[in-house]
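This report concerns only the one structure given below.
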Amino acid sequence: MPLTLPTDSSHSGSIRKGCDPFAQTQRSKLQHRRARINQQINKEMRMRAGAENLFRATTNNKVKETVALELSFVNSNLQLLKEELEELNSNMEVYQTDSEAVNVPMIPLGLKETKEVDFTVPIQDLICEHYGEDSSLYDKEIKELMELRQAMRTPSRSQAGLELLMEYYNQLYYLDQRFFSAHKNLGVHFHWYDSLTGVPSSQRALAFEKGSVLFNIGALYTQIGARQDRSAIAGIDTAIDAFQRAAGAFHYLKENFSNAPSLDMSGPSLGMLVRLMVAQVQECVFERITLSTQPTHFTSQLRLAQEAARVSDVYLLVQQTMTQPLMKDYVPFSWASMVQVKSEHFRALSHYYAAVALCDHMLSAEGEDSEEEEAEAEKAFLMFYVNGPAGQPLSQILQDPEKRRKLGKAHLRRAVIRHEEAMRVHGLCKILRKMDILQDVLSLTHKRSLDKYSELDREDDFDETVEAPEIQSHTQQKSDILPPNFSTVQVTDIFQRLGPLSVFCARARWGPVRVICLQKREGGLGLTLRGDSPVLVAGVVPGGCAEEAGLREGDYIVAVDGQDYKWAKHGEVVQVLKGCSDRGVEISVVTLHSHDTQVERKAIMLSSCTDKENNRQRLLGAAKGQSSASLLTWNRKKKREGAKKLGSTFSLSFGSIRDAEAMY
């Protein structure tokens with residue numbers, strides 16, 4: 001179950017910690033090496049930029065020759081570093097399961113690396129200038145925020161790691177409201193490295209930070225999915241859920257963020273990743289059906305063949321996406337090779353299972369059950385091919401053992417050809433050649449098809465082997481895309497002591513704190529109050545005590561007798577004012593001058609969304625009556641509404657409100 005943090009004011013911060021990035025595990029070593037290479041790439045790119053500037057600026061030919069020589073060395077080093085990083089990103093074995101079961105490996109993603117960020121000075125300055133408070137009183141909160149960010153850089157490959165990333169992501173909602181004004185930049189640079197090339201990017205936009213964290217949530221889901229033991233139903237189900245949620249994270253990022261500074265978060269790259277995750281879900285579905293299918297049933301073998309054809313089709317779609325101009329030189333060669341291998345491998349399996357159905361499962365001719373079975377088999381067989389064999393009605397083939405044998409033999413012939421093509425592509429990639437488990441899978445299935453072909457082959461087969469028709473792909477379980485559910489991890493605003501976000505946010509402007517001394521008279525204090533956290537002065541009686549003391553309608557009560565009352569409920573303030581002594585009471589108030597009305601507009605729009613979305617907003621709200629914006633919609637650009645279809649493999653359905661976050 002997701003861990004829920006307390007929501008009262010006694011919350012002392014996150015209890016989640018990141019794993020040790022230097023721990024002696026294969027995955028941690030890989031991440032450490034990736035971080036080191038990213039730093040080296042960043043250094044070389046700075047050197048190259050300086051050399052290029054010098055080359056353009058100088059008119060001295062000797063200097064130009066020296067700089068040109070230096071540039072060639074730098075470019076050579078960059079190429080070597082990028083090749084080393086690509087090899088690391090292609091290292092799929094580290095993320096695979098430790099199970100001894102022979103399964104085709106999955107393609108996981110490595111996490112995006114980032115530099116440390118020091119929030120101390122910018123936040124301290126804003127607390128002093130904007131909130132008018134002593135920034136030293138918030139050292140604990142600033143430290144907690146920085147520790148949370150440091151921890152999320154190295155999440156464990158588990159549910160706890162996902163919750164850590166989601167906690168920081170949710171906390172960014174409050175950070176945006178508290179410190180990121182539309183009129184003034186906080187002055188914090190967020191540095192992230194491209195997950196595949198290591199090219200660094202730096203922006204001040206908080207959307208870049210959020211988008212990178214969301215990318216890592218999707219990447220971590222891919223690692224969790226890849227490590228599952230898929231020799232059991234439970235492991236397959238967990239892998240399916242993980243890959244579906246990875247697809248949802250990448251799709252959400254694609255739909256809600258714009259102007260990505262790094263290629264891995266661009267639209268084409270995210271679209272490719274969504275399709276890759278969907279294909280891996282479909283592969284897991286095939287494995288699940290394989291485990292639960294009775295091997296002695298004719299129609300079940302036909303379904304297996306169609307499921308395998310479906311997996312082949314979706315991997316073919318991924319392969320086409322990877323060969324697009326922008327992606328062709330970006331996607332690791334090992335990924336493209338693995339996708340092509342899988343497309344050929346599962347097409348071969350579809351023909352193999354078709355042959356098994358035709359040649360090993362003859363129908364009985366007696367009994368009522370057999371008649372029903374025969375009718376079911378004929379119906380399934382009539383829908384099995386895209387186009388049936390020329391000149392041979394399928395019903396006749398089904399009833400003739402010799403015709404079934406010949407058609408099965410044709411399927412096996414195509415299966416062997418496809419297996420050999422998969423092995424050829426596998427042999428062209430040195431990284432895939434190192435994956436023993438993949439070699440074992442390809443060899444075993446190829447040998448199985450060859451043995452079956454030899455079993456059906458006869459010396460008196462003088463007729464030319466017919467061409468096996470193309471199998472109609474079909475699946476019993478289509479892939480879903482599950483968007484991130486951030487409400488599973490509840491957080492409390494780290495800087496909640498600054499006051500409720502409805503008033504005390506970066507987008508609001510208020511006057512200095514005024515101290516009002518109220519002396520109770522026979523007619524009372526002469527004011528009316530409304531609302532909670534903070535309590536609003538809704539009215540002031542003309543000529544009354546409050547008006548004479550300088551209290552005005554629209555003031556917010558922030559303290560009573562020196563005690564902080566920003567988060568006080570209406571009843572609490574009323575009770576303390578009624579109970580004041582004859583000497584009176586001192587209240588501290590502020591007057592709100594302006595507020596970004598976008599927050600209110602979004603709150604109204606979001607009220608028509610689904611219950612799930614509304615529930616997420618309520619969980620993230622700091623107090624009743626607070627104007628809350630959508631956690632994932634902080635930019636000013638409205639995007640298209642409704643559902644969208646990606647390719648021909650699945651349909652998407654998300655909420656009706658879509659604003660894109662801009663990364664500039």
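Following the order of the structure tokens, chains are lettered A, B, ..., residues in each are numbered from 1, and ligands are numbered from 1.
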
Inset, instruction - Any chance you could list, as number ranges by chain, the residues in region 168-330 of chain A that come up alpha helix (DSSP H) when DSSP is run on the backbone? - result: A: 168-179, 206-226, 233-256, 267-292, 298-322, 325-328

Legend entry - Shell around Ser266 (chain A) at 10 Å using only C-alpha atoms, local window under 6 positions removed, as a list in words: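 After dropping sequence-adjacent residues, the list is Leu253, Lys254, Phe257, Ser258, Asn259 and Ala260 of chain A.
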
Inset, instruction - Extract, using only C-alpha atoms, all DNA, RNA and protein residues at most 8 Å from Tyr138 (chain A), discarding same-chain residues fewer than 3 positions from it, and format them as a list in words. - result: Gln124, Asp134, Ser135, Glu141, Ile142 and Phe495 of chain A

Legend entry - Near-Val188 (chain A) list (8 Å; only C-alpha atoms; drop same-chain fewer than 6 positions) as a list in words: Val117, Asp118, Phe119, Pro122 and Arg204 of chain A

Write the residues of the preceding selection, restricted to C-alpha atoms, as a JSON list (two decimals), in the first residue's frame.
[["chain", "number", "residue", "atom", "x", "y", "z"],
["A", 117, "VAL", "CA", 20.52, 22.16, -6.74],
["A", 118, "ASP", "CA", 21.04, 24.62, -3.90],
["A", 119, "PHE", "CA", 17.73, 26.25, -3.03],
["A", 122, "PRO", "CA", 17.04, 32.03, -3.60],
["A", 204, "ARG", "CA", 15.15, 27.81, -14.83]]

Inset, instruction - Could you tell me which of A:Met423, A:Val331, A:Leu382, A:Val104 comes closest to Gln280 (chain A) if we count only C-alpha atoms? - result: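 Distance minimum relative to Gln280 (chain A) lands on A:Val104.
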
Inset, instruction - Pick out the residues sitting within 9 Å of region 515-518 of chain A, and hand them over as a list in words; count only C-alpha atoms, and ignore anything fewer than 2 positions along from it in its own chain. - result: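 Contacts, with the query itself left out: Val513, Lys520, Leu525, Cys545, Ala546, Glu548, Ala549, Gly550, Leu551, Ala559, Arg583, Gly584, Val585, Glu586, Ile587, Ser588 and Val589 of chain A.
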
Inset, instruction - Can you work out which one of A:His411, A:Arg230, A:Arg33, A:His251 has the shortest atom-to-atom distance to Leu270 (chain A), counting only C-alpha atoms? - result: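 Looking only at the distances to Leu270 (chain A), the closest residue turns out to be A:His251.
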
Inset, instruction - One decimal, Å: what's the distance from CA of Trp335 (chain A) over to CA of Ala219 (chain A), could you say? - result: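 Computing it gives 15.0 Å between the two atoms.
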
Inset, instruction - Give me, please, the distance in Å between CA of Leu137 (chain A) and CA of Thr591 (chain A), quoted to one decimal. - result: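 We find that CA of Leu137 (chain A) and CA of Thr591 (chain A) lie 23.3 Å from each other.
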
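Proximity of A:Leu186, A:Asn42, A:Val574, A:Val74 to Asp125 (chain A), computed with only C-alpha atoms, is greatest for A:Leu186.
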
Legend entry - Counting only C-alpha atoms, the option among A:Glu344, A:Asp480, A:Asp451, A:Asp440 closest to Arg414 (chain A):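 Closest candidate: A:Glu344.
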